Amino acid sequence: MLLDSAEKMFPVSCNLTGGCAGRVKLAVGRLHDPELYAPDTMFRRNAGAWPGDFPGRLMLAWHKYSLITQQTDADLVKASAIYDAECNEGGFFGQIYPADLIDEQQLAGHGWMLRALAEMYTASPQVIYRRRAWKIFENLALPLEKHLSTYPLNDGLRNANGAVDGSADRRVGVWQLSTDVGAVFIFFAGLVHATEVFQLPAADLLAEFTALAHKVEFLKSKYQTHASLTLARALLRYSTLYNDESAAMLAQNIYTLYRNHAMSANGANYNWFCRPEWTEPCAVVDSFMVAMELYRRSGNELYLADAHKIWFSAFSRAQRPNGGFGGDNCPRAGEDKLYMKFYEAVNCCNMRSAEGFYEAALRGMYRQDGILFITLPLPGVFTFADGLSVEVKTNYPNGDIWSVDFLSGSDSSIKAVRCFIYGCGYLESSGSRSEFELKKHFSGDGKNFTLYRGAVMYGADSGNALHPVSDLYLLDDDKARNLELKVIFENNQ
């Protein structure tokens with residue numbers, strides 16, 4: 001069963017320490033660069049191609065980082081104050097199109113805005129957030145009821161092109177399509193979340209979206225993996241909201257398809273199924289979130305092992321020295337090196353980092369049936385709603401040493417503490433290794449191998465010196481841009 005029925009208590013706040021705290025500080029700083037992320041200009045950035053997308057992602061990111069750092073984000077407050085003045089007369093962003101035109105990228109952009117509004121309302125239930133969400137629902141979601149079934153799923157209706165930011169593709173019927181194939185499902189993700197939080201009367205439309213998702217041929221149609229994994233996240237939320245096991249199973253199948261056909265050697269993504277042209281941290285974050293949620297629902301530790309590999313060798317690798325997040329090539333059979341493809345994605349990936357850090361920091365630990373599960377050990381202090389506060393100290397991912405101290409609140413309800421270590425499974429007491437051994441992970445045919453120390457991939461530079469792929473953000477810009485690592489080795493090496 002993949003329906004989420006077990007009660008889990010997650011921390012409500014954290015005070016991170018160690019390397020992750022430094023990464024968060026860098027990422028937050030990048031998202032407050034006034035030349036790129038100012039409240040008074042954010043609503044118009046990339047607005048022509050992706051209305052609502054940039055401000056939706058940014059408001060969601062600012063909010064998530066405020067939860068991690070426990071600090072009010074002044075820019076988020078300013079952005080919310082001018083939101084309505086930046087909207088069109090329908091209360092949303094971009095053009096108001098005639099009834100016979102639906103812009104897929106406008107829908108996708110408002111998927112992020114719906115998610116931002118839902119998250120902000122959950123933290124602070126202000127009526128204005130509800131009103132804004134309802135405007136989007138009335139003017140963008142309801143008109144879909146007549147046309148959603150005509151959304152083009154056939155790969156022959158796509159041009160198989162597109163750049164990092166995505167752009168308008170062909171028009172088919174009423175649909176102005178995007179090169180980010182499947183981007184309409186990003187709107188589905190926002191609509192599910194908003195329906196859960198604001199009780200929108202969207203059950204029939206959401207059911208139609210779900211039925212459409214069951215018909216998608218992800219490989220044949222070369223769907224964008226970010227859109228596909230966002231769909232998987234939405235299906236998991238939908239399955240809980242409507243008690244629909246088939247939706248959860250479809251999410252699981254999408255992840256399995258992704259893992260087998262669109263994951264690079266270091267746990268990052270191909271931007272599209274069957275098109276290993278570059279990685280995109282947006283999809284890396286999605287894959288991390290899906291793997292963590294599938295583990296929590298199924299108890300299958302293979303998902304948790306995947307999540308550790310994704311976190312330490314793909315997400316961590318994607319962070320740049322300036323705190324932003326960018327894409328690499330896709331190392332795989334036939335492409336044995338790992339190198340930077342683009343420094344950062346200002347319009348998307350920099351902002352999606354917030355959900356990655358939030359998942360790790362505030363959902364990487366939970367209490368259930370008297371057991372404290374540490375599914376992703378990060379150093380810091382974590383506090384639960386009932387006042388229980390715990391401090392985690394660890395040298396992970398370098399080794400398996402960890403400890404938990406109960407700082408405040410009653411620990412009498414905790415019968416055991418279990419900490420998941422990659423390659424070891426759950427441990428109930430600390431290990432003793434200050435550093436994991438370097439191990440070879442062989443390919444299915446045994447001809448090639450990769451090198452991992454725990455969940456961290458290592459690669460060799462031109463002088464055969466080994467480097468963890470995760471530490472790119474510690475280098476200066478020039479070294480980071482030019483570093484090329486051999487990460488797939490022949491078995492005779």
# chains A, B, ... in the order shown; residues from 1 in each chain; ligands from 1

$ closest_atom_pairs --of "region 243-318 of chain A" --to "region 393-414 of chain A" --cutoff "12 Å" --atoms "only C-alpha atoms" --output "CSV"
residue,atom,partner,partner_atom,distance
A:His308,CA,A:Pro397,CA,9.0
A:Lys309,CA,A:Pro397,CA,10.1
A:Trp311,CA,A:Pro397,CA,10.4
A:Phe312,CA,A:Pro397,CA,7.9
A:Ser313,CA,A:Pro397,CA,10.6
A:Ser316,CA,A:Pro397,CA,11.8

$ write_last_selection --atoms "C-alpha atoms" --output "tab-separated table (two decimals), in the first residue's frame"
chain	number	residue	atom	x	y	z
A	308	HIS	CA	20.89	9.83	-0.17
A	309	LYS	CA	22.69	9.39	-3.47
A	311	TRP	CA	21.18	14.50	-2.17
A	312	PHE	CA	24.92	14.08	-1.82
A	313	SER	CA	26.01	13.42	-5.42
A	316	SER	CA	24.97	18.96	-3.63

$ residues_around --residues "Thr450 (chain A)" --least-positions-apart "5" --cutoff "9 Å" --atoms "only C-alpha atoms" --output "list in words"
Ala265, Asn266, Lys439, Lys440, His441, Phe442, Ser443, Met457, Tyr458, Gly459, Val487, Ile488, Phe489 and Glu490 of chain A

$ closest_residue --among "A:Tyr258, A:Tyr343, A:Tyr242, A:Phe325" --to "Cys282 (chain A)" --atoms "only C-alpha atoms"
A:Phe325

$ select_by_dssp --residues "region 366-414 of chain A" --states "strand (DSSP E or B)" --output "list in words"
Tyr366, Arg367, Gln368, Ile371, Leu372, Phe373, Ile374, Gly380, Val381, Phe382, Thr383, Ser389, Val390, Glu391, Val392, Lys393, Thr394, Trp402, Ser403, Val404, Asp405, Phe406, Leu407 and Ser408 of chain A

$ atom_distance --atom1 "CA of Arg57 (chain A)" --atom2 "CA of Leu338 (chain A)"
28.1 Å

$ closest_atom_pairs --of "region 290-383 of chain A" --to "region 218-228 of chain A" --cutoff "12 Å" --atoms "only C-alpha atoms" --output "Markdown table"
| residue | atom | partner | partner_atom | distance |
| --- | --- | --- | --- | --- |
| A:Val290 | CA | A:Ser228 | CA | 11.0 |
| A:Cys348 | CA | A:His226 | CA | 11.0 |
| A:Cys349 | CA | A:His226 | CA | 10.6 |
| A:Arg352 | CA | A:His226 | CA | 11.0 |
